[in-house]
file work25.cif (mmCIF, C-alpha atoms and all ligand atoms)
data_target
#
loop_
_atom_site.label_atom_id
_atom_site.label_comp_id
_atom_site.auth_asym_id
_atom_site.auth_seq_id
_atom_site.Cartn_x
_atom_site.Cartn_y
_atom_site.Cartn_z
CA MET A 3 78.84 0.58 63.85
CA ALA A 4 75.09 0.80 64.45
CA GLY A 5 74.03 2.54 67.66
CA ARG A 6 71.97 1.06 70.47
CA ILE A 7 68.20 1.54 70.73
CA VAL A 8 66.60 2.05 74.14
CA VAL A 9 62.86 1.51 74.54
CA ILE A 10 61.22 3.08 77.58
CA GLY A 11 57.81 1.50 77.52
CA SER A 12 55.26 -1.20 78.04
CA ASN A 13 55.00 -4.94 77.87
CA MET A 14 51.77 -6.97 77.92
CA ILE A 15 50.64 -10.52 77.51
CA ASP A 16 48.35 -10.55 74.47
CA LEU A 17 45.26 -12.78 74.73
CA VAL A 18 44.21 -12.97 71.09
CA THR A 19 40.86 -14.46 70.06
CA TYR A 20 40.01 -14.93 66.38
CA ALA A 21 36.26 -14.64 65.71
CA ARG A 22 33.98 -14.74 62.66
CA ARG A 23 32.59 -11.38 63.84
CA MET A 24 32.51 -9.21 66.94
CA PRO A 25 29.88 -10.27 69.51
CA GLU A 26 26.97 -7.88 70.05
CA ARG A 27 26.35 -6.41 73.51
CA GLY A 28 24.99 -9.19 75.78
CA GLU A 29 25.77 -11.89 73.21
CA THR A 30 27.98 -14.96 73.74
CA LEU A 31 29.67 -16.08 70.56
CA GLU A 32 31.90 -19.07 69.96
CA ALA A 33 35.31 -18.04 68.63
CA GLU A 34 37.31 -19.92 66.04
CA ARG A 35 40.70 -19.87 67.77
CA PHE A 36 42.71 -18.44 70.66
CA GLN A 37 46.41 -17.72 71.01
CA SER A 38 48.36 -15.96 73.73
CA GLY A 39 51.72 -14.32 73.20
CA PHE A 40 54.05 -11.52 74.12
CA GLY A 41 52.90 -8.00 73.33
CA GLY A 42 52.76 -4.43 74.56
CA LYS A 43 53.75 -1.64 72.23
CA GLY A 44 57.15 -1.02 73.83
CA ALA A 45 58.14 -4.68 73.94
CA ASN A 46 56.87 -5.24 70.38
CA GLN A 47 58.99 -2.40 69.02
CA ALA A 48 62.03 -3.63 70.96
CA VAL A 49 61.61 -7.21 69.72
CA ALA A 50 61.14 -6.16 66.07
CA ALA A 51 64.36 -4.10 66.16
CA ALA A 52 66.25 -6.91 67.93
CA LEU A 53 65.05 -9.54 65.44
CA LEU A 54 66.46 -7.40 62.65
CA GLY A 55 69.83 -7.31 64.41
CA SER A 56 69.85 -4.12 66.50
CA GLU A 57 71.32 -3.90 69.98
CA VAL A 58 68.29 -3.06 72.14
CA ALA A 59 67.72 -2.25 75.81
CA MET A 60 64.33 -2.06 77.48
CA ILE A 61 63.30 -0.02 80.51
CA GLY A 62 59.96 -1.07 82.02
CA ARG A 63 58.07 -2.93 84.72
CA VAL A 64 56.48 -6.39 85.02
CA GLY A 65 54.29 -7.79 87.79
CA ASP A 66 55.16 -10.59 90.20
CA ASP A 67 53.27 -13.32 88.34
CA ASP A 68 54.09 -16.08 85.84
CA PHE A 69 53.45 -13.64 82.96
CA ALA A 70 56.41 -11.61 84.24
CA THR A 71 58.70 -14.65 84.22
CA GLY A 72 57.74 -15.36 80.60
CA THR A 73 58.15 -11.75 79.54
CA LEU A 74 61.62 -11.45 81.07
CA ALA A 75 62.68 -14.73 79.43
CA ASN A 76 61.31 -13.46 76.10
CA PHE A 77 63.52 -10.35 76.31
CA VAL A 78 66.56 -12.51 77.11
CA ARG A 79 65.72 -14.90 74.23
CA HIS A 80 65.80 -11.94 71.83
CA GLY A 81 69.10 -10.64 73.22
CA ILE A 82 67.40 -7.55 74.68
CA ASP A 83 69.05 -6.00 77.76
CA ALA A 84 66.26 -6.17 80.36
CA THR A 85 68.39 -5.22 83.37
CA HIS A 86 66.04 -2.30 83.97
CA VAL A 87 62.78 -4.23 83.61
CA ALA A 88 61.97 -4.81 87.27
CA ARG A 89 59.20 -6.80 88.96
CA VAL A 90 56.63 -4.84 91.00
CA PRO A 91 55.59 -6.81 94.12
CA GLY A 92 51.87 -7.44 94.57
CA VAL A 93 50.93 -6.18 91.12
CA ALA A 94 49.79 -8.02 88.00
CA SER A 95 51.66 -7.83 84.72
CA GLY A 96 50.01 -5.91 81.90
CA VAL A 97 47.56 -7.88 79.75
CA ALA A 98 45.76 -7.12 76.50
CA PRO A 99 42.60 -9.01 75.50
CA ILE A 100 42.39 -8.72 71.69
CA LEU A 101 39.61 -9.69 69.25
CA VAL A 102 40.56 -10.23 65.60
CA GLU A 103 37.99 -10.46 62.78
CA PRO A 104 38.45 -12.17 59.40
CA GLY A 105 40.40 -9.65 57.30
CA GLY A 106 42.71 -8.99 60.22
CA GLU A 107 41.14 -5.92 61.88
CA ASN A 108 41.36 -5.96 65.66
CA ARG A 109 39.96 -4.43 68.85
CA ILE A 110 42.29 -4.18 71.81
CA LEU A 111 41.75 -3.54 75.51
CA ILE A 112 44.78 -2.99 77.71
CA ALA A 113 45.02 -3.49 81.47
CA PRO A 114 48.43 -1.86 82.10
CA GLY A 115 49.06 -3.41 85.56
CA ALA A 116 52.76 -3.09 86.40
CA ASN A 117 53.40 -0.82 83.40
CA ALA A 118 51.77 2.02 85.33
CA HIS A 119 54.38 1.60 88.09
CA LEU A 120 57.34 2.87 86.06
CA LEU A 121 57.85 6.29 87.64
CA PRO A 122 59.94 9.22 86.37
CA GLU A 123 62.49 8.66 89.17
CA ASP A 124 62.92 5.01 88.07
CA LEU A 125 64.71 6.30 84.98
CA LEU A 126 67.60 7.69 87.04
CA PRO A 127 69.33 4.32 87.68
CA ALA A 128 68.99 3.63 83.92
CA ARG A 129 70.38 7.02 82.89
CA GLY A 130 73.49 5.39 81.37
CA LEU A 131 71.36 3.28 79.03
CA VAL A 132 69.49 6.33 77.78
CA GLU A 133 72.50 8.58 77.45
CA GLY A 134 74.53 5.94 75.57
CA ALA A 135 71.78 5.20 73.04
CA ALA A 136 71.53 6.33 69.44
CA LEU A 137 67.73 6.43 69.63
CA ALA A 138 65.25 6.47 72.53
CA ILE A 139 61.74 5.19 71.77
CA PHE A 140 58.56 5.90 73.74
CA GLN A 141 54.83 5.08 73.52
CA LEU A 142 51.92 6.05 75.78
CA GLU A 143 51.17 2.76 77.57
CA ILE A 144 53.18 3.95 80.58
CA ARG A 145 52.67 7.13 82.64
CA THR A 146 52.87 10.31 80.58
CA ALA A 147 55.07 11.88 83.30
CA THR A 148 57.59 9.06 82.83
CA VAL A 149 57.57 9.54 79.07
CA LEU A 150 58.17 13.25 79.54
CA ALA A 151 61.06 12.60 81.96
CA GLY A 152 62.62 10.13 79.51
CA LEU A 153 62.28 12.51 76.58
CA GLU A 154 63.93 15.27 78.64
CA MET A 155 66.76 12.95 79.68
CA ALA A 156 67.38 11.86 76.08
CA ARG A 157 67.19 15.39 74.66
CA LYS A 158 69.60 16.70 77.31
CA ALA A 159 72.09 13.99 76.29
CA GLY A 160 71.66 14.73 72.58
CA VAL A 161 70.01 11.33 71.95
CA ALA A 162 67.48 11.21 69.07
CA THR A 163 63.91 10.54 70.22
CA LEU A 164 60.93 8.74 68.70
CA LEU A 165 57.44 9.00 70.19
CA ASN A 166 54.59 6.74 69.11
CA PRO A 167 51.61 8.47 70.80
CA ALA A 168 49.61 5.27 71.17
CA PRO A 169 47.16 4.68 72.63
CA ALA A 170 46.14 8.25 71.76
CA PRO A 171 45.86 10.37 74.90
CA ASP A 172 42.47 11.31 76.44
CA GLY A 173 43.55 14.89 76.91
CA PRO A 174 46.29 17.23 75.74
CA LEU A 175 49.91 16.11 76.04
CA PRO A 176 52.00 17.93 78.67
CA GLU A 177 53.23 21.35 77.62
CA GLY A 178 56.51 21.10 75.75
CA MET A 179 56.40 17.32 75.17
CA LEU A 180 56.12 17.51 71.38
CA GLY A 181 59.10 19.87 71.25
CA LEU A 182 61.28 17.03 72.62
CA VAL A 183 60.34 14.63 69.81
CA ASP A 184 62.55 14.15 66.74
CA HIS A 185 60.38 11.48 65.08
CA LEU A 186 56.64 11.32 65.81
CA VAL A 187 55.20 8.11 64.33
CA LEU A 188 51.43 7.76 64.48
CA ASN A 189 48.37 6.55 62.59
CA GLN A 190 45.58 8.67 61.15
CA SER A 191 43.26 8.51 64.16
CA GLU A 192 46.11 9.40 66.54
CA LEU A 193 46.95 12.31 64.25
CA ALA A 194 43.33 13.51 64.42
CA ILE A 195 43.29 13.27 68.21
CA LEU A 196 46.60 15.12 68.61
CA SER A 197 45.16 17.78 66.32
CA GLY A 198 42.26 18.23 68.76
CA LEU A 199 39.70 16.38 66.61
CA ALA A 200 37.62 13.20 66.93
CA PRO A 201 39.54 9.99 66.08
CA ASP A 202 37.42 9.38 62.98
CA ALA A 203 37.37 13.02 61.81
CA GLU A 204 38.04 13.65 58.11
CA ILE A 205 41.47 15.26 58.12
CA ASP A 206 43.99 16.48 55.62
CA VAL A 207 46.91 14.36 56.78
CA ILE A 208 49.59 16.73 55.48
CA ASP A 209 47.96 19.85 57.00
CA ALA A 210 47.54 18.07 60.33
CA ALA A 211 51.15 16.83 60.30
CA ASN A 212 52.37 20.36 59.47
CA GLY A 213 50.38 21.55 62.50
CA LEU A 214 52.44 19.20 64.69
CA LEU A 215 55.69 20.44 63.13
CA ALA A 216 54.60 23.94 64.14
CA ARG A 217 54.24 22.65 67.71
CA GLY A 218 57.91 21.62 67.76
CA VAL A 219 58.06 18.04 66.39
CA GLY A 220 61.12 17.34 64.21
CA ARG A 221 59.44 15.05 61.67
CA VAL A 222 56.05 13.35 61.47
CA VAL A 223 55.51 9.89 60.01
CA VAL A 224 51.84 9.02 59.44
CA THR A 225 51.07 5.35 58.82
CA LEU A 226 48.02 4.84 56.62
CA GLY A 227 47.68 1.04 56.47
CA ALA A 228 47.00 -0.10 52.91
CA ARG A 229 47.75 3.45 51.68
CA GLY A 230 51.38 3.37 52.83
CA ALA A 231 52.82 6.19 54.92
CA ARG A 232 53.73 9.88 54.67
CA LEU A 233 56.87 11.53 55.97
CA VAL A 234 56.31 15.20 56.71
CA GLY A 235 59.28 17.32 57.73
CA PRO A 236 60.99 20.63 57.14
CA GLU A 237 62.11 19.34 53.71
CA GLY A 238 58.50 18.71 52.62
CA VAL A 239 56.48 15.55 52.11
CA ALA A 240 57.60 12.09 51.00
CA VAL A 241 55.19 9.31 50.07
CA ILE A 242 56.13 5.84 51.33
CA ALA A 243 54.45 3.39 48.98
CA PRO A 244 52.27 0.61 50.41
CA VAL A 245 53.33 -3.02 50.09
CA PRO A 246 50.26 -4.99 48.98
CA VAL A 247 49.62 -8.19 50.95
CA THR A 248 46.59 -10.16 52.11
CA ALA A 249 46.11 -9.34 55.79
CA LEU A 250 45.45 -12.15 58.25
CA ASP A 251 46.05 -10.28 61.52
CA THR A 252 47.04 -6.61 61.76
CA THR A 253 47.79 -6.74 65.51
CA GLY A 254 51.13 -5.11 66.24
CA ALA A 255 51.74 -4.02 62.65
CA GLY A 256 52.32 -0.42 63.73
CA ASP A 257 54.89 -1.63 66.27
CA ALA A 258 56.60 -3.79 63.64
CA PHE A 259 56.84 -0.66 61.47
CA ILE A 260 58.41 1.38 64.29
CA GLY A 261 60.85 -1.32 65.40
CA ALA A 262 62.04 -1.80 61.82
CA PHE A 263 62.21 1.96 61.16
CA ALA A 264 64.35 2.35 64.30
CA HIS A 265 66.62 -0.52 63.30
CA PHE A 266 67.29 0.83 59.81
CA LEU A 267 67.68 4.40 61.09
CA VAL A 268 70.36 3.54 63.66
CA SER A 269 72.02 1.31 61.06
CA GLY A 270 72.65 4.39 58.93
CA SER A 271 69.83 4.26 56.35
CA SER A 272 68.28 7.50 55.14
CA LEU A 273 64.83 8.33 56.53
CA GLU A 274 63.06 7.34 53.33
CA THR A 275 64.99 4.08 52.94
CA ALA A 276 64.32 3.21 56.59
CA LEU A 277 60.61 3.95 56.15
CA ALA A 278 60.33 1.88 52.97
CA ALA A 279 61.95 -1.06 54.77
CA ALA A 280 59.64 -0.51 57.77
CA SER A 281 56.66 -0.63 55.43
CA ARG A 282 57.79 -3.98 54.01
CA TYR A 283 58.46 -5.35 57.51
CA ALA A 284 54.98 -4.33 58.74
CA ALA A 285 53.37 -5.75 55.58
CA LEU A 286 55.03 -9.11 56.18
CA SER A 287 53.82 -9.09 59.80
CA VAL A 288 50.14 -8.79 58.85
CA THR A 289 50.33 -11.98 56.80
CA ARG A 290 51.13 -13.96 59.97
CA PRO A 291 49.04 -14.53 63.13
CA GLY A 292 49.71 -12.98 66.53
CA THR A 293 51.73 -9.99 67.63
CA GLN A 294 55.45 -10.66 68.19
CA SER A 295 54.91 -14.14 66.73
CA SER A 296 54.24 -12.39 63.40
CA TYR A 297 57.58 -10.58 63.34
CA ALA A 298 60.21 -11.80 60.91
CA ASP A 299 63.86 -12.28 61.70
CA ARG A 300 66.57 -10.77 59.54
CA ALA A 301 66.80 -13.76 57.17
CA SER A 302 63.09 -14.18 56.46
CA PHE A 303 62.69 -10.42 56.08
CA ALA A 304 65.52 -10.42 53.52
CA ARG A 305 63.75 -13.18 51.57
CA PHE A 306 60.44 -11.26 51.66
CA SER A 307 62.16 -8.03 50.56
CA ALA A 308 63.83 -9.81 47.66
CA GLY A 309 60.41 -11.15 46.57
CA ALA A 310 58.74 -7.75 47.03
CA ALA A 311 61.42 -6.14 44.83
CA GLY A 312 61.19 -8.81 42.13
O1 LIG A 401 50.07 -2.41 69.18
C1 LIG A 401 49.66 -3.71 69.52
C2 LIG A 401 49.79 -3.89 70.99
O2 LIG A 401 48.88 -3.03 71.64
C3 LIG A 401 49.46 -5.27 71.49
O3 LIG A 401 50.59 -6.08 71.57
C4 LIG A 401 48.81 -5.01 72.84
O4 LIG A 401 49.53 -5.55 73.88
C5 LIG A 401 48.70 -3.50 72.94
O5 LIG A 401 49.73 -2.99 73.69
#

call {"tool": "encode", "arguments": {"input": "work25.cif", "output": "structure tokens"}}
result
Amino acid sequence: MAGRIVVIGSNMIDLVTYARRMPERGETLEAERFQSGFGGKGANQAVAAALLGSEVAMIGRVGDDDFATGTLANFVRHGIDATHVARVPGVASGVAPILVEPGGENRILIAPGANAHLLPEDLLPARGLVEGAALAIFQLEIRTATVLAGLEMARKAGVATLLNPAPAPDGPLPEGMLGLVDHLVLNQSELAILSGLAPDAEIDVIDAANGLLARGVGRVVVTLGARGARLVGPEGVAVIAPVPVTALDTTGAGDAFIGAFAHFLVSGSSLETALAAASRYAALSVTRPGTQSSYADRASFARFSAGAAG
């Protein structure tokens, strides 16, 4: 039987505006369309895995506003155990204003709100959820100290860990954090930043990933958008082929990839099979608008996969 996934991470309300182009500084520009929806990297990854059929639990914080009510209901609707997603009195829920250009590229601001109130000690009452999981997933939209505490708790219990270091940190990660990570899943600019370079630096992806292995990471998965992904581990390098699609909105595609990867991994797939499926799942998501609203359920993903194979 497939194991449970626990996500210790963020949730946001995404405020997505579709525009012909980005406004210049000081300019007011009329947008084509607006849509709000459920987002936040942690919640997105949890929802993607749940839609594919995994048993998922979420540990996080919401504010004491209407956004919180909607977010909690959204977890319940997807069958996600949100017992340890608590409301923080007097604090706003996390929100993310997002601008999307034609072609699907986006720019995202996050105002973490209640997400920043999940403290390391808040993980103690949820210890059972972490220790009973097959995989614990983390991102960096909550406090780094909480991520570190969760990684330590999972490692101590022998639970596999996945860190998506997004948004990329401003400074170095805490000493020893990377050594607690079994699967580090990141994009090229996050890889550059973790390697001590500028986000847009020209890097040799494989060299940089090997540098992270030397710092204690189990395996590195680098997502490269239209160029697919690379798995770099002690066994060497595997190329995960891209799945060509016409992108409408890339928001949350990285989270779709991680949620699907987690689902297939805990369901018993090999790393490469899980990553190939994750690549297809993320590709399908960019053909649809919105964040979680772009994520396929098991049946429509199966139909897409059958078409992609044919
Ligand atoms: O990765 C996409 C997500 O980043 C959005 O849902 C937004 O909320 C931000 O967390």

call {"tool": "closest_residue", "arguments": {"input": "work25.cif", "among": "A:Leu31, A:Ala258, A:Ile242, A:Ala284", "to": "ligand LIG 401 (chain A)", "atoms": "all atoms listed in the file"}}
result
A:Ala258

call {"tool": "residues_around", "arguments": {"input": "work25.cif", "residues": "Ala194 (chain A)", "least_positions_apart": "6", "cutoff": "7 Å", "atoms": "only C-alpha atoms", "output": "PDB file with C-alpha atoms, in the frame of the given file"}}
result
ATOM      1  CA  ALA A 200      37.620  13.200  66.930  1.00  0.00           C
ATOM      2  CA  PRO A 201      39.540   9.990  66.080  1.00  0.00           C
ATOM      3  CA  ALA A 203      37.370  13.020  61.810  1.00  0.00           C
ATOM      4  CA  ILE A 205      41.470  15.260  58.120  1.00  0.00           C
TER       5      ILE A 205
END

call {"tool": "residues_around", "arguments": {"input": "work25.cif", "residues": "Ala113 (chain A)", "least_positions_apart": "3", "cutoff": "10 Å", "atoms": "only C-alpha atoms", "output": "PyMOL selection string"}}
result
chain A and resi 14-15+94-99+116-118+143

call {"tool": "closest_residue", "arguments": {"input": "work25.cif", "among": "A:Ala262, A:Leu125, A:Val18, A:Leu164", "to": "ligand LIG 401 (chain A)", "atoms": "all atoms listed in the file"}}
result
A:Val18

call {"tool": "residues_near_ligand", "arguments": {"input": "work25.cif", "ligand": "ligand LIG 401 (chain A)", "cutoff": "8 Å", "atoms": "all atoms listed in the file", "output": "PDB file with C-alpha atoms, in the frame of the given file"}}
result
ATOM      1  CA  SER A  12      55.260  -1.200  78.040  1.00  0.00           C
ATOM      2  CA  ASN A  13      55.000  -4.940  77.870  1.00  0.00           C
ATOM      3  CA  MET A  14      51.770  -6.970  77.920  1.00  0.00           C
ATOM      4  CA  ILE A  15      50.640 -10.520  77.510  1.00  0.00           C
ATOM      5  CA  ASP A  16      48.350 -10.550  74.470  1.00  0.00           C
ATOM      6  CA  PHE A  40      54.050 -11.520  74.120  1.00  0.00           C
ATOM      7  CA  GLY A  41      52.900  -8.000  73.330  1.00  0.00           C
ATOM      8  CA  GLY A  42      52.760  -4.430  74.560  1.00  0.00           C
ATOM      9  CA  LYS A  43      53.750  -1.640  72.230  1.00  0.00           C
ATOM     10  CA  GLY A  44      57.150  -1.020  73.830  1.00  0.00           C
ATOM     11  CA  ASN A  46      56.870  -5.240  70.380  1.00  0.00           C
ATOM     12  CA  VAL A  97      47.560  -7.880  79.750  1.00  0.00           C
ATOM     13  CA  ALA A  98      45.760  -7.120  76.500  1.00  0.00           C
ATOM     14  CA  PRO A  99      42.600  -9.010  75.500  1.00  0.00           C
ATOM     15  CA  ILE A 100      42.390  -8.720  71.690  1.00  0.00           C
ATOM     16  CA  ILE A 110      42.290  -4.180  71.810  1.00  0.00           C
ATOM     17  CA  LEU A 111      41.750  -3.540  75.510  1.00  0.00           C
ATOM     18  CA  ILE A 112      44.780  -2.990  77.710  1.00  0.00           C
ATOM     19  CA  GLU A 143      51.170   2.760  77.570  1.00  0.00           C
ATOM     20  CA  ALA A 168      49.610   5.270  71.170  1.00  0.00           C
ATOM     21  CA  PRO A 169      47.160   4.680  72.630  1.00  0.00           C
ATOM     22  CA  THR A 253      47.790  -6.740  65.510  1.00  0.00           C
ATOM     23  CA  GLY A 254      51.130  -5.110  66.240  1.00  0.00           C
ATOM     24  CA  ALA A 255      51.740  -4.020  62.650  1.00  0.00           C
ATOM     25  CA  GLY A 256      52.320  -0.420  63.730  1.00  0.00           C
ATOM     26  CA  ASP A 257      54.890  -1.630  66.270  1.00  0.00           C
ATOM     27  CA  THR A 293      51.730  -9.990  67.630  1.00  0.00           C
ATOM     28  CA  GLN A 294      55.450 -10.660  68.190  1.00  0.00           C
TER      29      GLN A 294
END

call {"tool": "closest_residue", "arguments": {"input": "work25.cif", "among": "A:Ser191, A:Leu101, A:Arg300, A:Arg290", "to": "Pro25 (chain A)", "atoms": "all atoms listed in the file"}}
result
A:Leu101

call {"tool": "closest_residue", "arguments": {"input": "work25.cif", "among": "A:Val223, A:Ala162, A:Leu150, A:Ile260", "to": "Ala45 (chain A)", "atoms": "all atoms listed in the file"}}
result
A:Ile260

call {"tool": "residues_around", "arguments": {"input": "work25.cif", "residues": "Ala151 (chain A)", "least_positions_apart": "4", "cutoff": "7 Å", "atoms": "all atoms listed in the file", "output": "mmCIF file with C-alpha atoms, in the coordinates of the input"}}
result
data_model
loop_
_atom_site.group_PDB
_atom_site.id
_atom_site.type_symbol
_atom_site.label_atom_id
_atom_site.label_comp_id
_atom_site.auth_asym_id
_atom_site.auth_seq_id
_atom_site.Cartn_x
_atom_site.Cartn_y
_atom_site.Cartn_z
ATOM 1 C CA PRO A 122 59.940 9.220 86.370
ATOM 2 C CA ALA A 147 55.070 11.880 83.300
ATOM 3 C CA MET A 155 66.760 12.950 79.680
#

call {"tool": "residues_around", "arguments": {"input": "work25.cif", "residues": "Gly152 (chain A)", "least_positions_apart": "6", "cutoff": "10 Å", "atoms": "only C-alpha atoms", "output": "count of residues only"}}
result
16

call {"tool": "closest_residue", "arguments": {"input": "work25.cif", "among": "A:Asn212, A:Thr225, A:Thr252, A:Ser307", "to": "Glu192 (chain A)", "atoms": "only C-alpha atoms"}}
result
A:Thr225

call {"tool": "closest_residue", "arguments": {"input": "work25.cif", "among": "A:Leu214, A:Met24, A:Leu277, A:Ala249", "to": "Gly181 (chain A)", "atoms": "all atoms listed in the file"}}
result
A:Leu214

call {"tool": "residues_around", "arguments": {"input": "work25.cif", "residues": "Arg221 (chain A)", "least_positions_apart": "5", "cutoff": "8 Å", "atoms": "all atoms listed in the file", "output": "compact mmCIF listing (two decimals) with C-alpha atoms, in the coordinates of the input"}}
result
# COMPACT_ATOMS: atom_id res chain seq x y z
CA ASP A 184 62.55 14.15 66.74
CA HIS A 185 60.38 11.48 65.08
CA LEU A 186 56.64 11.32 65.81
CA LEU A 215 55.69 20.44 63.13
CA LEU A 233 56.87 11.53 55.97
CA VAL A 234 56.31 15.20 56.71
CA GLY A 235 59.28 17.32 57.73
CA PRO A 236 60.99 20.63 57.14

call {"tool": "residues_near_point", "arguments": {"input": "work25.cif", "point": "(62.2, -9.7, 49.0)", "cutoff": "12 Å", "atoms": "all atoms listed in the file", "output": "JSON list (two decimals) with C-alpha atoms, keeping the file's coordinate frame"}}
result
[["chain", "number", "residue", "atom", "x", "y", "z"],
["A", 245, "VAL", "CA", 53.33, -3.02, 50.09],
["A", 279, "ALA", "CA", 61.95, -1.06, 54.77],
["A", 282, "ARG", "CA", 57.79, -3.98, 54.01],
["A", 283, "TYR", "CA", 58.46, -5.35, 57.51],
["A", 285, "ALA", "CA", 53.37, -5.75, 55.58],
["A", 286, "LEU", "CA", 55.03, -9.11, 56.18],
["A", 300, "ARG", "CA", 66.57, -10.77, 59.54],
["A", 301, "ALA", "CA", 66.80, -13.76, 57.17],
["A", 302, "SER", "CA", 63.09, -14.18, 56.46],
["A", 303, "PHE", "CA", 62.69, -10.42, 56.08],
["A", 304, "ALA", "CA", 65.52, -10.42, 53.52],
["A", 305, "ARG", "CA", 63.75, -13.18, 51.57],
["A", 306, "PHE", "CA", 60.44, -11.26, 51.66],
["A", 307, "SER", "CA", 62.16, -8.03, 50.56],
["A", 308, "ALA", "CA", 63.83, -9.81, 47.66],
["A", 309, "GLY", "CA", 60.41, -11.15, 46.57],
["A", 310, "ALA", "CA", 58.74, -7.75, 47.03],
["A", 311, "ALA", "CA", 61.42, -6.14, 44.83],
["A", 312, "GLY", "CA", 61.19, -8.81, 42.13]]

call {"tool": "decode", "arguments": {"input": "work25.cif", "residues": "region 286-300 of chain A", "atoms": "N, CA, C and O atoms", "output": "PDB file, in the first residue's frame"}}
result
ATOM      1  N   LEU A 286       0.921  19.209 -18.427  1.00  0.00           N
ATOM      2  CA  LEU A 286      -0.531  19.367 -18.567  1.00  0.00           C
ATOM      3  C   LEU A 286      -0.999  20.617 -17.812  1.00  0.00           C
ATOM      4  O   LEU A 286      -1.853  21.371 -18.289  1.00  0.00           O
ATOM      5  N   SER A 287      -0.394  20.868 -16.643  1.00  0.00           N
ATOM      6  CA  SER A 287      -0.847  22.013 -15.832  1.00  0.00           C
ATOM      7  C   SER A 287      -0.610  23.353 -16.538  1.00  0.00           C
ATOM      8  O   SER A 287      -1.394  24.278 -16.361  1.00  0.00           O
ATOM      9  N   VAL A 288       0.444  23.461 -17.335  1.00  0.00           N
ATOM     10  CA  VAL A 288       0.714  24.768 -17.960  1.00  0.00           C
ATOM     11  C   VAL A 288      -0.219  25.054 -19.134  1.00  0.00           C
ATOM     12  O   VAL A 288      -0.257  26.167 -19.653  1.00  0.00           O
ATOM     13  N   THR A 289      -0.977  24.071 -19.552  1.00  0.00           N
ATOM     14  CA  THR A 289      -1.942  24.305 -20.640  1.00  0.00           C
ATOM     15  C   THR A 289      -3.275  24.829 -20.097  1.00  0.00           C
ATOM     16  O   THR A 289      -4.194  25.093 -20.862  1.00  0.00           O
ATOM     17  N   ARG A 290      -3.371  24.939 -18.766  1.00  0.00           N
ATOM     18  CA  ARG A 290      -4.631  25.367 -18.146  1.00  0.00           C
ATOM     19  C   ARG A 290      -4.374  26.607 -17.281  1.00  0.00           C
ATOM     20  O   ARG A 290      -3.284  26.741 -16.728  1.00  0.00           O
ATOM     21  N   PRO A 291      -5.376  27.482 -17.113  1.00  0.00           N
ATOM     22  CA  PRO A 291      -5.149  28.707 -16.325  1.00  0.00           C
ATOM     23  C   PRO A 291      -5.185  28.468 -14.816  1.00  0.00           C
ATOM     24  O   PRO A 291      -5.819  27.526 -14.335  1.00  0.00           O
ATOM     25  N   GLY A 292      -4.491  29.355 -14.084  1.00  0.00           N
ATOM     26  CA  GLY A 292      -4.545  29.317 -12.628  1.00  0.00           C
ATOM     27  C   GLY A 292      -3.491  28.401 -12.039  1.00  0.00           C
ATOM     28  O   GLY A 292      -2.661  27.815 -12.746  1.00  0.00           O
ATOM     29  N   THR A 293      -3.545  28.277 -10.723  1.00  0.00           N
ATOM     30  CA  THR A 293      -2.558  27.464 -10.014  1.00  0.00           C
ATOM     31  C   THR A 293      -3.182  26.094  -9.760  1.00  0.00           C
ATOM     32  O   THR A 293      -3.148  25.222 -10.638  1.00  0.00           O
ATOM     33  N   GLN A 294      -3.798  25.896  -8.593  1.00  0.00           N
ATOM     34  CA  GLN A 294      -4.399  24.572  -8.332  1.00  0.00           C
ATOM     35  C   GLN A 294      -5.507  24.254  -9.324  1.00  0.00           C
ATOM     36  O   GLN A 294      -5.776  23.082  -9.621  1.00  0.00           O
ATOM     37  N   SER A 295      -6.137  25.304  -9.869  1.00  0.00           N
ATOM     38  CA  SER A 295      -7.212  25.066 -10.849  1.00  0.00           C
ATOM     39  C   SER A 295      -6.669  24.433 -12.128  1.00  0.00           C
ATOM     40  O   SER A 295      -7.425  23.933 -12.953  1.00  0.00           O
ATOM     41  N   SER A 296      -5.338  24.448 -12.289  1.00  0.00           N
ATOM     42  CA  SER A 296      -4.744  23.856 -13.505  1.00  0.00           C
ATOM     43  C   SER A 296      -4.317  22.401 -13.278  1.00  0.00           C
ATOM     44  O   SER A 296      -3.800  21.763 -14.193  1.00  0.00           O
ATOM     45  N   TYR A 297      -4.509  21.905 -12.067  1.00  0.00           N
ATOM     46  CA  TYR A 297      -4.025  20.554 -11.761  1.00  0.00           C
ATOM     47  C   TYR A 297      -5.065  19.498 -12.134  1.00  0.00           C
ATOM     48  O   TYR A 297      -6.244  19.616 -11.763  1.00  0.00           O
ATOM     49  N   ALA A 298      -4.593  18.462 -12.798  1.00  0.00           N
ATOM     50  CA  ALA A 298      -5.494  17.405 -13.264  1.00  0.00           C
ATOM     51  C   ALA A 298      -5.771  16.398 -12.151  1.00  0.00           C
ATOM     52  O   ALA A 298      -4.936  16.184 -11.272  1.00  0.00           O
ATOM     53  N   ASP A 299      -6.934  15.777 -12.230  1.00  0.00           N
ATOM     54  CA  ASP A 299      -7.168  14.640 -11.344  1.00  0.00           C
ATOM     55  C   ASP A 299      -6.621  13.380 -12.030  1.00  0.00           C
ATOM     56  O   ASP A 299      -6.128  13.441 -13.161  1.00  0.00           O
ATOM     57  N   ARG A 300      -6.725  12.282 -11.306  1.00  0.00           N
ATOM     58  CA  ARG A 300      -6.153  11.025 -11.772  1.00  0.00           C
ATOM     59  C   ARG A 300      -6.644  10.640 -13.182  1.00  0.00           C
ATOM     60  O   ARG A 300      -5.858  10.277 -14.048  1.00  0.00           O
TER      61      ARG A 300
END
